[in-house]
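Here is the structure we will look at, set down as structure tokens.
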Amino acid sequence: MKVKLIIAALSLMAFLAGSAFTQHGVVSVEEVTGLWNTDSVKTNEEIRFLLRVTNNTGEIITGVANGFRVYSPDGAEWATTIDDTTGTIGKAQFDGFFIVDAHSVPTGSGADTCGFGGIAFSAGLPVNFDDTAYTITIGPIESNYHTKTICLDSSLYLPSGVWKWAALGSVDYFPDWDGPHCYTVHDPDAKPSFVADPTEVSWDLDQVQPANVEIEITDTDGGGISFTLAKSQDWLVIDPELEGTTPQTIICSLVVDNLETGETYFDTIWVTSDDAYNSPFAVPCSVHVTASGVELYGGDSRPTSFTLSQNYPNPFNPRTQIRFDLPVRTHVNLVVYNVLGQRVNTLVDEVLSRGQYVVDWDGADQGGSAVSSGIYFYRIEAETFTETRKMVLLK
């Protein structure tokens with residue numbers, strides 16, 4: 001029986017100790033106004049920190065030694081620092097809320113700027129209090145501090161040298177703090193030093209047409225910023241493939257063998273550099289593949305030699321098809337001539353990838369007029385390969 005009582009007593013002590021450990025109050029930043037985005041503050045505007053106080057200690061808090069420091073680790077400065085109460089706590093409940101500063105004036109002129117402390121609640125911080133209790137406002141920060149940093153953090157309030165709350169009966173609690181909170185100073189009117197032109201790349205091409213685009217990456221400050229490139233899709237090729245230094249021209253090209261007619265493809269070139277306000281930046285890329293007069297046939301077949309097949313049907317009226325094979329990517333010229341050796345129509349005059357192709361001729365000349373019955377010749381030229389075949393149009 002004694003053993004059971006001892007175990008129960010130890011369990012109760014552990015429970016109480018755990019409760020005392022977890023219930024020690026919370027001070028947190030609830031909102032920051034004057035932000036450019038989630039981690040940047042605007043220049044030439046006030047920045048206001050709203051601080052929430054949560055008393056989950058189960059005690060009425062009568063004394064506080066919370067200190068706060070607004071500072072810049074890299075030398076940003078601001079005009080004024082103002083403290084105030086808000087929410088359901090009134091100014092009359094504070095006694096001794098004041099600003100201390102290593103430079104005597106709270107102007108953000110050093111890394112140890114604007115310590116806040118000595119807050120005493122004359123009426124007591126109620127049990128279960130959970131509200132925005134006070135604010136710290138600084139600024140404005142001038143544009144010449146663009147890219148600098150400001151931070152709000154806890155600070156030990158000297159004379160006691162601790163960060164704590166005191167309750168009736170001299171019980172001390174040490175509240176949690178969710179800081180530090182640091183923000184980069186941003187001038188919305190500042191031009192980025194790291195730019196790309198064009199800012200977006202888009203192709204609209206025949207499947208068999210090669211395509212490439214030049215993107216110029218420059219540094220308007222002239223500092224020669226190093227950058228790295230990233231992309232995700234295999235159809236897009238970029239050179240330099242991995243990295244470079246401004247000024248630099250990137251060549252963007254397409255692997256047209258992998259693109260299907262009628263499809264639209266998307267990717268983004270991500271350019272990452274040490275330009276804090278413009279990295280990474282995105283260069284969207286897209287290509288829409290349109291139908292071509294020259295069509296691939298044979299699926300994934302990869303010819304090993306140049307060939308020009310006899311047209312089919314032959315004789316024909318009024319249409320026929322001409323097939324040819326390319327073992328390499330090359331410029332192709334396919335022309336129809338009459339018996340006098342005069343050019344009737346150019347069917348192909350473009351660079352084609354390796355593959356098997358078929359071209360449809362509708363029996364019309366270059367101007368679109370139907371030609372008369374008779375014998376015609378079609379001739380292909382591709383690299384060193386040339387060949388001529390005869391066909392007959394019967395009406």
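Identifiers for the structure tokens are assigned positionally: chains receive A, B, ... in sequence, residues are indexed from 1 per chain, and ligands are indexed from 1 in the order shown.
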So that I can see what lies close to Ala282 in chain A, please list as a ChimeraX atom specification the residues with an atom at most 10 Å from it, counting only C-alpha atoms and leaving out residues fewer than 2 positions away in the same chain. /A:196,199-200,229-231,267-272,278-280,284-285
How would the residues just chosen look if you wrote them out with C-alpha atoms as a compact mmCIF listing (two decimals), in the first residue's frame?
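File part_14.txt, as written:
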```
# COMPACT_ATOMS: atom_id res chain seq x y z
CA ALA A 196 17.18 39.50 -68.94
CA THR A 199 11.87 38.50 -70.35
CA GLU A 200 9.78 35.77 -72.00
CA LEU A 229 20.79 28.42 -64.81
CA ALA A 230 18.18 25.73 -64.27
CA LYS A 231 15.42 24.21 -66.40
CA ASP A 267 9.22 25.44 -69.32
CA THR A 268 11.00 28.13 -67.29
CA ILE A 269 14.66 29.07 -67.22
CA TRP A 270 15.50 29.97 -63.61
CA VAL A 271 18.42 32.36 -63.30
CA THR A 272 19.95 32.47 -59.82
CA ASN A 278 16.16 39.79 -58.41
CA SER A 279 17.15 36.21 -57.73
CA PRO A 280 16.02 33.83 -58.78
CA PRO A 284 9.15 31.63 -69.17
CA CYS A 285 9.58 29.58 -72.34
```
For Thr57 in chain A, which residue out of A:Thr86, A:Ala76, A:Phe174, A:Thr33 is the nearest one, using only C-alpha atoms?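 Smallest separation from Thr57 in chain A among the options: A:Phe174.
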To one decimal place, how far is CA of Val256 in chain A from CA of Pro327 in chain A in Å? 15.5 Å
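Reported to one decimal place, the separation of CA of Glu46 in chain A from CA of Cys151 in chain A is 14.1 Å.
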Please list as a PyMOL selection string every residue within 10 Å of Gln342 in chain A, counting only C-alpha atoms and excluding residues in the same chain fewer than 4 positions away. chain A and resi 336-338+376-377
Next, the residues of the selection above should be written as an mmCIF file, in the first residue's frame with C-alpha atoms.
```cif
data_model
loop_
_atom_site.group_PDB
_atom_site.id
_atom_site.type_symbol
_atom_site.label_atom_id
_atom_site.label_comp_id
_atom_site.auth_asym_id
_atom_site.auth_seq_id
_atom_site.Cartn_x
_atom_site.Cartn_y
_atom_site.Cartn_z
ATOM 1 C CA VAL A 336 9.402 20.041 -109.407
ATOM 2 C CA TYR A 337 10.502 20.816 -113.002
ATOM 3 C CA ASN A 338 8.774 20.499 -116.393
ATOM 4 C CA TYR A 376 7.386 16.243 -114.746
ATOM 5 C CA PHE A 377 10.584 15.702 -112.776
#
```
note - CA of Val53 in chain A and CA of Val27 in chain A are separated by 4.8 Å
Please provide the set of residues having any atom within 12 Å of Asp187 in chain A, restricted to only C-alpha atoms, with same-chain residues fewer than 3 positions apart removed, written as an NGL selection string. :A and (34-37 or 40-45 or 140-148 or 184 or 190-192 or 277)
Restricting the calculation to only C-alpha atoms: of A:Ile150, A:Met391, A:Leu340, A:Ile250, which residue gets closest to Ser309 in chain A?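 Of A:Ile150, A:Met391, A:Leu340, A:Ile250, the one nearest Ser309 in chain A is A:Met391, counting only C-alpha atoms.
Distances here use only C-alpha atoms; by that measure, the residue among A:His24, A:Arg48, A:Arg319, A:His331 closest to Val70 in chain A is A:Arg48.
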If we count only C-alpha atoms and set the cut-off at 6 Å, which residues sit around Gln248 in chain A, ignoring sequence neighbours fewer than 2 positions away in its own chain? Please answer as a VMD selection string. chain A and resid 216 to 217 246
Which residue, A:Asp153, A:Asp365, A:Asp84, A:Asp74, has the smallest gap to Ser28 in chain A when you use only C-alpha atoms? A:Asp153
Measuring atom to atom with only C-alpha atoms, identify which of A:Ile61, A:Val185, A:Leu236, A:Ile375 is nearest to Ser202 in chain A. A:Leu236
Using backbone DSSP assignments, extract all strand (DSSP E) residues from range 174-389 of chain A; output them as a PyMOL selection string. chain A and resi 176-177+181-186+194-197+201-206+212-219+226-230+236-239+243-245+248-254+264-273+281-290+294-297+307-308+320-326+330-338+343-352+355-361+374-382+385-389
Could you write those residues out with C-alpha atoms, as a compact mmCIF listing (two decimals), in the first residue's frame?
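Contents of result32.txt, as written:
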```txt
# COMPACT_ATOMS: atom_id res chain seq x y z
CA ASP A 176 8.45 32.26 -24.96
CA TRP A 177 9.49 34.62 -27.74
CA HIS A 181 12.12 38.80 -36.89
CA CYS A 182 14.35 40.17 -39.65
CA TYR A 183 13.36 41.97 -42.84
CA THR A 184 15.28 43.25 -45.83
CA VAL A 185 14.81 46.91 -46.68
CA HIS A 186 13.39 47.28 -50.18
CA PHE A 194 20.29 41.83 -62.95
CA VAL A 195 18.04 41.75 -66.00
CA ALA A 196 17.18 39.50 -68.94
CA ASP A 197 15.99 40.53 -72.39
CA VAL A 201 10.49 33.42 -74.89
CA SER A 202 7.82 31.96 -77.15
CA TRP A 203 8.05 30.05 -80.42
CA ASP A 204 5.35 29.23 -82.96
CA LEU A 205 6.92 26.85 -85.44
CA ASP A 206 6.56 23.94 -87.78
CA ASN A 212 16.73 29.27 -81.28
CA VAL A 213 16.45 32.50 -79.34
CA GLU A 214 19.10 34.68 -77.74
CA ILE A 215 18.53 35.97 -74.20
CA GLU A 216 20.88 38.73 -73.07
CA ILE A 217 21.60 38.74 -69.33
CA THR A 218 23.15 41.98 -68.15
CA ASP A 219 24.10 43.76 -64.96
CA SER A 226 27.86 35.37 -61.51
CA PHE A 227 24.75 33.33 -62.18
CA THR A 228 23.55 29.76 -62.57
CA LEU A 229 20.79 28.42 -64.81
CA ALA A 230 18.18 25.73 -64.27
CA LEU A 236 14.63 23.00 -74.16
CA VAL A 237 18.40 23.40 -74.55
CA ILE A 238 20.31 26.33 -73.02
CA ASP A 239 23.93 27.29 -73.57
CA GLU A 243 26.51 29.01 -65.27
CA GLY A 244 28.00 32.25 -66.54
CA THR A 245 28.96 35.79 -65.64
CA GLN A 248 26.21 37.02 -71.13
CA THR A 249 24.12 35.85 -74.07
CA ILE A 250 22.20 32.62 -73.56
CA ILE A 251 21.26 30.61 -76.64
CA CYS A 252 17.94 28.80 -76.20
CA SER A 253 17.18 26.09 -78.74
CA LEU A 254 14.71 23.24 -79.18
CA THR A 264 2.16 23.34 -76.80
CA TYR A 265 5.13 22.92 -74.46
CA PHE A 266 6.14 25.04 -71.46
CA ASP A 267 9.22 25.44 -69.32
CA THR A 268 11.00 28.13 -67.29
CA ILE A 269 14.66 29.07 -67.22
CA TRP A 270 15.50 29.97 -63.61
CA VAL A 271 18.42 32.36 -63.30
CA THR A 272 19.95 32.47 -59.82
CA SER A 273 22.55 35.02 -58.76
CA PHE A 281 14.14 35.34 -61.68
CA ALA A 282 12.18 33.39 -64.23
CA VAL A 283 12.31 33.48 -68.02
CA PRO A 284 9.15 31.63 -69.17
CA CYS A 285 9.58 29.58 -72.34
CA SER A 286 6.89 28.06 -74.53
CA VAL A 287 6.61 26.57 -77.99
CA HIS A 288 3.52 25.77 -80.01
CA VAL A 289 4.09 23.24 -82.78
CA THR A 290 2.04 23.91 -85.89
CA VAL A 294 6.36 18.24 -94.75
CA GLU A 295 5.24 15.40 -92.52
CA LEU A 296 7.21 12.70 -90.76
CA TYR A 297 6.23 9.08 -91.35
CA THR A 307 16.87 8.04 -100.35
CA LEU A 308 14.31 9.49 -102.74
CA THR A 320 0.68 12.56 -105.54
CA GLN A 321 3.05 11.96 -102.63
CA ILE A 322 6.85 12.03 -102.64
CA ARG A 323 8.82 10.30 -99.88
CA PHE A 324 12.45 10.74 -98.90
CA ASP A 325 14.75 9.68 -96.05
CA LEU A 326 17.39 11.75 -94.22
CA THR A 330 20.29 18.97 -92.96
CA HIS A 331 18.90 21.54 -95.33
CA VAL A 332 16.63 19.98 -97.98
CA ASN A 333 15.61 21.40 -101.34
CA LEU A 334 12.90 19.49 -103.25
CA VAL A 335 11.78 21.05 -106.56
CA VAL A 336 9.40 20.04 -109.41
CA TYR A 337 10.50 20.82 -113.00
CA ASN A 338 8.77 20.50 -116.39
CA ARG A 343 11.03 25.29 -112.14
CA VAL A 344 7.32 24.56 -111.58
CA ASN A 345 7.07 24.48 -107.77
CA THR A 346 9.38 24.30 -104.74
CA LEU A 347 7.96 21.70 -102.34
CA VAL A 348 10.63 21.84 -99.62
CA ASP A 349 13.25 24.47 -98.81
CA GLU A 350 14.14 24.14 -95.13
CA VAL A 351 16.26 22.37 -92.53
CA LEU A 352 14.84 18.99 -91.50
CA GLY A 355 13.80 10.97 -90.31
CA GLN A 356 11.47 9.75 -93.03
CA TYR A 357 9.33 12.39 -94.73
CA VAL A 358 6.40 12.58 -97.12
CA VAL A 359 5.40 15.63 -99.19
CA ASP A 360 2.07 16.06 -100.94
CA TRP A 361 1.98 17.80 -104.34
CA GLY A 374 2.45 15.78 -119.02
CA ILE A 375 5.79 14.53 -117.74
CA TYR A 376 7.39 16.24 -114.75
CA PHE A 377 10.58 15.70 -112.78
CA TYR A 378 11.23 16.13 -109.05
CA ARG A 379 14.76 16.65 -107.76
CA ILE A 380 16.12 16.54 -104.19
CA GLU A 381 19.32 18.19 -102.91
CA ALA A 382 20.48 17.43 -99.36
CA PHE A 385 23.03 13.84 -102.07
CA THR A 386 21.12 14.67 -105.26
CA GLU A 387 18.62 12.57 -107.16
CA THR A 388 15.97 13.15 -109.83
CA ARG A 389 12.89 11.06 -110.63
```
Leaving out Pro175 in chain A and any residue of its chain fewer than 3 positions from it, which residues lie within 8 Å of it when counting only C-alpha atoms, given as number ranges by chain? A: 24-27, 163-165
